[in-house]
Amino acid sequence: MLCCGVVDDSDSGRGEGIEARYGDPAPTRPSTVKLPEIPPPDVRTIFDFFLLRFPRISRATWLERFAADKVWTDDESIDAETHYRPLLEVHYLREVESEPPVREDYRVVWSDQHLMIVDKPPNLPVTPGGRWVRSCLLHLLHEATGNSHIVPLHRLDRLTSGLLLLSLDPTTRSHFSRLFQPQPMVEKTYTAVCEIQCDPLPSFMSLDHHITRSPHEYWRQLVSPGAPSNAHCDCEVMAVENDLALVRVRPITGRKHQIRVQLADAGLPILGDPLYGTRPIHDPGDISQRLWLDAHRLEVNAFPGPSGADESTGDWRSSRPPSKFFQHAIRWRDQPTKFSSL
């Protein structure tokens, strides 16, 4: 069903490979938050949770949004008095006065009637979040294709570049989501440029951690020492130059910020990481800055197709070969204003 493919470096530009462009702007995609299984202290209603979860948005603003049906669930409309329900998925429309700039030079590597693989640049969110509402990959793809059902099948951070697999058809989405759960049938390989803070530097690491969300900073993940492992990845050092290392990472699990957190805990923070690294990026509007992490390769082998269709097999790579990625990172680190990011 799937065929092998590799990004062609000559295939550049915003959404190149998609021929149709629709004249009418696509509507804003809603965001979704899943309520924690254990409610935070003093949280009685969904409204209470939103006040806690989004402290920069005023109480009056949330009251207006709840009253205007801009917050809802799949089963019912809700208001400011609707009781908190653990694990409930709540949808809401984000509204911001202005959005920071993003890179729009994504590439469609391959697609069929069910799936699409995109090579995403850094500094482009996949879904609406934070200060980005319309400036995200899903909105760009909706505008380019007219398909409002496009959904990512796995995570890829705003600052991370590389390959992303998306579902195009809701009728086959649950089938293809099995590629990643519970035991992944797709192998993902990342390339990371790391600052060496460990001594000695091992050539290979098998990392196991328990990663959990910070109770005070919802955007940050933490390592919980002593807790059962829920995050695993294998790392191989491919090259070293001065205090930087080029690391090949194969994640076995898919926790939020997993690679960034695990490498930082191992003494190899990723160059340019504003949360877990040594050189924070303070200005989200400066798209010349980047996190030096690339989702370089996706491999699928003999995954059964939906409804008896042919098996899915494919092998794709991003447009950033590891050696080129490493050398570019070295030049960028030394002269960040002269060398733009890949």
# chains A, B, ... in the order shown; residues from 1 in each chain; ligands from 1

call {"tool": "select_by_dssp", "arguments": {"residues": "stretch 173-295 of chain A", "states": "alpha helix (DSSP H)", "output": "PyMOL selection string"}}
result
chain A and resi 173-177+258-265

call {"tool": "write_last_selection", "arguments": {"atoms": "C-alpha atoms", "output": "short mmCIF file (atom, residue, chain, number, x, y, z; two decimals), in the first residue's frame"}}
result
data_model
loop_
_atom_site.label_atom_id
_atom_site.label_comp_id
_atom_site.auth_asym_id
_atom_site.auth_seq_id
_atom_site.Cartn_x
_atom_site.Cartn_y
_atom_site.Cartn_z
CA ARG A 173 -7.65 6.78 11.44
CA SER A 174 -8.10 4.30 14.27
CA HIS A 175 -6.54 1.58 12.12
CA PHE A 176 -3.40 3.56 11.33
CA SER A 177 -3.09 4.88 14.89
CA GLN A 258 10.80 12.71 25.73
CA ILE A 259 14.02 12.97 23.72
CA ARG A 260 14.75 16.47 24.99
CA VAL A 261 14.20 15.49 28.64
CA GLN A 262 16.11 12.20 28.48
CA LEU A 263 19.16 13.60 26.71
CA ALA A 264 19.32 16.56 29.10
CA ASP A 265 19.16 14.21 32.10
#

call {"tool": "residues_around", "arguments": {"residues": "stretch 291-302 of chain A", "least_positions_apart": "4", "cutoff": "6 Å", "atoms": "only C-alpha atoms", "output": "PyMOL selection string"}}
result
chain A and resi 159-163+186-193+271-273+311-318

call {"tool": "residues_around", "arguments": {"residues": "A:Asp286", "least_positions_apart": "3", "cutoff": "8 Å", "atoms": "only C-alpha atoms", "output": "PDB file with N, CA and C atoms, in the first residue's frame"}}
result
ATOM      1  N   PRO A 101       5.738  35.075  14.003  1.00  0.00           N
ATOM      2  CA  PRO A 101       5.976  34.498  12.669  1.00  0.00           C
ATOM      3  C   PRO A 101       6.372  33.024  12.772  1.00  0.00           C
ATOM      4  N   ASP A 283      12.882  34.708  22.506  1.00  0.00           N
ATOM      5  CA  ASP A 283      12.030  35.420  21.560  1.00  0.00           C
ATOM      6  C   ASP A 283      11.414  34.443  20.562  1.00  0.00           C
ATOM      7  N   GLN A 289      16.461  31.183  15.119  1.00  0.00           N
ATOM      8  CA  GLN A 289      16.865  30.286  16.190  1.00  0.00           C
ATOM      9  C   GLN A 289      16.173  28.940  15.987  1.00  0.00           C
TER      10      GLN A 289
END

call {"tool": "select_by_dssp", "arguments": {"residues": "stretch 67-294 of chain A", "states": "strand (DSSP E or B)", "output": "MDAnalysis selection string"}}
result
chainID A and resid 71:72 77 83 89:92 107:111 115:120 129 132 151:152 161:167 186:195 204:209 211:213 221:223 231:241 244:251 270 293:294

call {"tool": "residues_around", "arguments": {"residues": "A:Asn123", "least_positions_apart": "6", "cutoff": "6 Å", "atoms": "only C-alpha atoms", "output": "list in words"}}
result
Val102, Arg103, Arg158 and Leu159 of chain A

call {"tool": "write_last_selection", "arguments": {"atoms": "C-alpha atoms", "output": "JSON list (two decimals), in the first residue's frame"}}
result
[["chain", "number", "residue", "atom", "x", "y", "z"],
["A", 102, "VAL", "CA", 6.47, 30.87, 11.65],
["A", 103, "ARG", "CA", 8.25, 29.05, 8.86],
["A", 158, "ARG", "CA", 7.09, 23.27, 17.29],
["A", 159, "LEU", "CA", 10.88, 23.69, 17.46]]

call {"tool": "atom_distance", "arguments": {"atom1": "atom CA of A:Ser167", "atom2": "atom CA of A:Leu141"}}
result
11.8 Å

call {"tool": "closest_residue", "arguments": {"among": "A:Ile117, A:Leu244, A:Ala266, A:Ile287", "to": "A:Pro100", "atoms": "only C-alpha atoms"}}
result
A:Ile287

call {"tool": "residues_around", "arguments": {"residues": "A:Gly267", "least_positions_apart": "5", "cutoff": "7 Å", "atoms": "only C-alpha atoms", "output": "compact mmCIF listing (two decimals) with C-alpha atoms, in the first residue's frame"}}
result
# COMPACT_ATOMS: atom_id res chain seq x y z
CA ILE A 196 28.52 17.55 25.94
CA GLN A 197 28.19 17.94 29.71
CA CYS A 198 28.95 14.35 30.71

call {"tool": "decode", "arguments": {"residues": "stretch 89-218 of chain A", "atoms": "C-alpha atoms", "output": "JSON list (two decimals), in the first residue's frame"}}
result
[["chain", "number", "residue", "atom", "x", "y", "z"],
["A", 89, "GLU", "CA", -11.66, 15.87, 26.19],
["A", 90, "VAL", "CA", -12.65, 19.53, 26.00],
["A", 91, "HIS", "CA", -12.40, 21.56, 22.79],
["A", 92, "TYR", "CA", -11.98, 25.32, 22.68],
["A", 93, "LEU", "CA", -11.29, 28.08, 20.20],
["A", 94, "ARG", "CA", -8.16, 30.10, 20.79],
["A", 95, "GLU", "CA", -8.17, 33.83, 20.16],
["A", 96, "VAL", "CA", -5.03, 35.97, 20.05],
["A", 97, "GLU", "CA", -4.47, 39.55, 18.90],
["A", 98, "SER", "CA", -1.37, 38.62, 16.89],
["A", 99, "GLU", "CA", 0.74, 35.53, 16.26],
["A", 100, "PRO", "CA", 4.54, 35.26, 16.13],
["A", 101, "PRO", "CA", 5.98, 34.50, 12.67],
["A", 102, "VAL", "CA", 6.47, 30.87, 11.65],
["A", 103, "ARG", "CA", 8.25, 29.05, 8.86],
["A", 104, "GLU", "CA", 5.89, 27.80, 6.17],
["A", 105, "ASP", "CA", 8.37, 25.92, 3.98],
["A", 106, "TYR", "CA", 7.05, 22.44, 4.73],
["A", 107, "ARG", "CA", 7.31, 19.67, 2.13],
["A", 108, "VAL", "CA", 4.81, 16.93, 1.38],
["A", 109, "VAL", "CA", 7.01, 13.87, 1.00],
["A", 110, "TRP", "CA", 4.32, 11.33, 0.17],
["A", 111, "SER", "CA", 0.55, 10.80, 0.42],
["A", 112, "ASP", "CA", -2.29, 8.52, -0.58],
["A", 113, "GLN", "CA", -6.02, 8.53, 0.22],
["A", 114, "HIS", "CA", -5.40, 7.64, 3.88],
["A", 115, "LEU", "CA", -2.07, 9.14, 4.97],
["A", 116, "MET", "CA", 0.35, 11.98, 4.35],
["A", 117, "ILE", "CA", 4.00, 12.39, 5.34],
["A", 118, "VAL", "CA", 5.26, 15.96, 5.74],
["A", 119, "ASP", "CA", 8.82, 17.20, 6.23],
["A", 120, "LYS", "CA", 8.24, 20.03, 8.72],
["A", 121, "PRO", "CA", 10.64, 22.93, 9.26],
["A", 122, "PRO", "CA", 11.52, 24.08, 12.78],
["A", 123, "ASN", "CA", 9.54, 26.95, 14.27],
["A", 124, "LEU", "CA", 6.19, 25.71, 12.95],
["A", 125, "PRO", "CA", 3.62, 24.28, 15.39],
["A", 126, "VAL", "CA", 1.75, 21.21, 14.20],
["A", 127, "THR", "CA", -1.50, 22.08, 16.00],
["A", 128, "PRO", "CA", -2.91, 25.31, 17.50],
["A", 129, "GLY", "CA", -1.35, 26.10, 20.85],
["A", 130, "GLY", "CA", -0.21, 29.00, 22.99],
["A", 131, "ARG", "CA", 0.28, 32.11, 20.86],
["A", 132, "TRP", "CA", -0.24, 30.21, 17.60],
["A", 133, "VAL", "CA", -3.80, 29.70, 16.33],
["A", 134, "ARG", "CA", -3.86, 29.84, 12.53],
["A", 135, "SER", "CA", -0.08, 29.75, 12.16],
["A", 136, "CYS", "CA", 0.29, 25.97, 12.40],
["A", 137, "LEU", "CA", 0.88, 23.08, 10.03],
["A", 138, "LEU", "CA", -2.67, 21.72, 10.23],
["A", 139, "HIS", "CA", -4.13, 25.07, 9.24],
["A", 140, "LEU", "CA", -1.69, 25.41, 6.34],
["A", 141, "LEU", "CA", -2.54, 21.89, 5.13],
["A", 142, "HIS", "CA", -6.27, 22.59, 5.46],
["A", 143, "GLU", "CA", -5.86, 25.69, 3.31],
["A", 144, "ALA", "CA", -3.78, 23.80, 0.75],
["A", 145, "THR", "CA", -6.00, 20.72, 0.43],
["A", 146, "GLY", "CA", -9.46, 21.70, 1.62],
["A", 147, "ASN", "CA", -9.36, 18.66, 3.93],
["A", 148, "SER", "CA", -10.45, 19.61, 7.45],
["A", 149, "HIS", "CA", -9.94, 16.05, 8.75],
["A", 150, "ILE", "CA", -6.13, 16.03, 8.71],
["A", 151, "VAL", "CA", -4.79, 14.92, 12.11],
["A", 152, "PRO", "CA", -1.22, 14.02, 13.20],
["A", 153, "LEU", "CA", -0.68, 10.43, 14.32],
["A", 154, "HIS", "CA", 2.26, 11.25, 16.59],
["A", 155, "ARG", "CA", 3.97, 14.21, 18.27],
["A", 156, "LEU", "CA", 6.45, 16.64, 16.78],
["A", 157, "ASP", "CA", 7.31, 19.77, 18.76],
["A", 158, "ARG", "CA", 7.09, 23.27, 17.29],
["A", 159, "LEU", "CA", 10.88, 23.69, 17.46],
["A", 160, "THR", "CA", 11.67, 20.24, 16.03],
["A", 161, "SER", "CA", 12.05, 19.67, 12.30],
["A", 162, "GLY", "CA", 11.52, 16.49, 10.32],
["A", 163, "LEU", "CA", 9.01, 13.86, 9.29],
["A", 164, "LEU", "CA", 5.44, 13.76, 10.53],
["A", 165, "LEU", "CA", 2.82, 11.14, 9.63],
["A", 166, "LEU", "CA", -0.75, 12.45, 9.38],
["A", 167, "SER", "CA", -4.14, 10.82, 8.91],
["A", 168, "LEU", "CA", -6.31, 12.17, 6.08],
["A", 169, "ASP", "CA", -9.38, 9.97, 6.49],
["A", 170, "PRO", "CA", -11.31, 9.66, 9.79],
["A", 171, "THR", "CA", -12.75, 6.30, 8.71],
["A", 172, "THR", "CA", -9.29, 4.67, 8.72],
["A", 173, "ARG", "CA", -7.65, 6.78, 11.44],
["A", 174, "SER", "CA", -8.10, 4.30, 14.27],
["A", 175, "HIS", "CA", -6.54, 1.58, 12.12],
["A", 176, "PHE", "CA", -3.40, 3.56, 11.33],
["A", 177, "SER", "CA", -3.09, 4.88, 14.89],
["A", 178, "ARG", "CA", -2.15, 1.29, 15.77],
["A", 179, "LEU", "CA", 1.19, 2.00, 14.10],
["A", 180, "PHE", "CA", 2.18, 3.82, 17.30],
["A", 181, "GLN", "CA", 0.15, 2.09, 20.05],
["A", 182, "PRO", "CA", 0.57, 0.17, 22.24],
["A", 183, "GLN", "CA", 3.78, -1.29, 20.78],
["A", 184, "PRO", "CA", 4.96, 0.88, 17.87],
["A", 185, "MET", "CA", 5.06, -0.79, 14.45],
["A", 186, "VAL", "CA", 6.85, 2.18, 12.93],
["A", 187, "GLU", "CA", 10.49, 2.95, 13.69],
["A", 188, "LYS", "CA", 11.37, 6.62, 14.16],
["A", 189, "THR", "CA", 14.97, 7.81, 14.07],
["A", 190, "TYR", "CA", 15.97, 11.31, 15.18],
["A", 191, "THR", "CA", 19.17, 13.28, 14.75],
["A", 192, "ALA", "CA", 20.20, 15.50, 17.68],
["A", 193, "VAL", "CA", 23.13, 17.90, 18.10],
["A", 194, "CYS", "CA", 23.94, 17.93, 21.81],
["A", 195, "GLU", "CA", 26.16, 19.95, 24.14],
["A", 196, "ILE", "CA", 28.52, 17.55, 25.94],
["A", 197, "GLN", "CA", 28.19, 17.94, 29.71],
["A", 198, "CYS", "CA", 28.95, 14.35, 30.71],
["A", 199, "ASP", "CA", 32.36, 12.76, 31.25],
["A", 200, "PRO", "CA", 33.09, 10.25, 29.92],
["A", 201, "LEU", "CA", 30.92, 10.43, 26.82],
["A", 202, "PRO", "CA", 29.51, 6.95, 26.12],
["A", 203, "SER", "CA", 29.26, 5.79, 22.53],
["A", 204, "PHE", "CA", 25.87, 4.15, 23.18],
["A", 205, "MET", "CA", 23.16, 4.76, 25.78],
["A", 206, "SER", "CA", 19.90, 3.00, 26.53],
["A", 207, "LEU", "CA", 17.89, 5.54, 28.50],
["A", 208, "ASP", "CA", 14.97, 4.70, 30.80],
["A", 209, "HIS", "CA", 13.12, 7.35, 32.80],
["A", 210, "HIS", "CA", 9.77, 8.13, 34.32],
["A", 211, "ILE", "CA", 8.63, 11.39, 32.74],
["A", 212, "THR", "CA", 5.74, 13.39, 34.13],
["A", 213, "ARG", "CA", 4.29, 16.85, 33.69],
["A", 214, "SER", "CA", 5.49, 19.52, 36.11],
["A", 215, "PRO", "CA", 2.74, 20.28, 38.65],
["A", 216, "HIS", "CA", 3.52, 24.01, 38.48],
["A", 217, "GLU", "CA", 4.61, 24.55, 34.85],
["A", 218, "TYR", "CA", 2.23, 22.70, 32.52]]
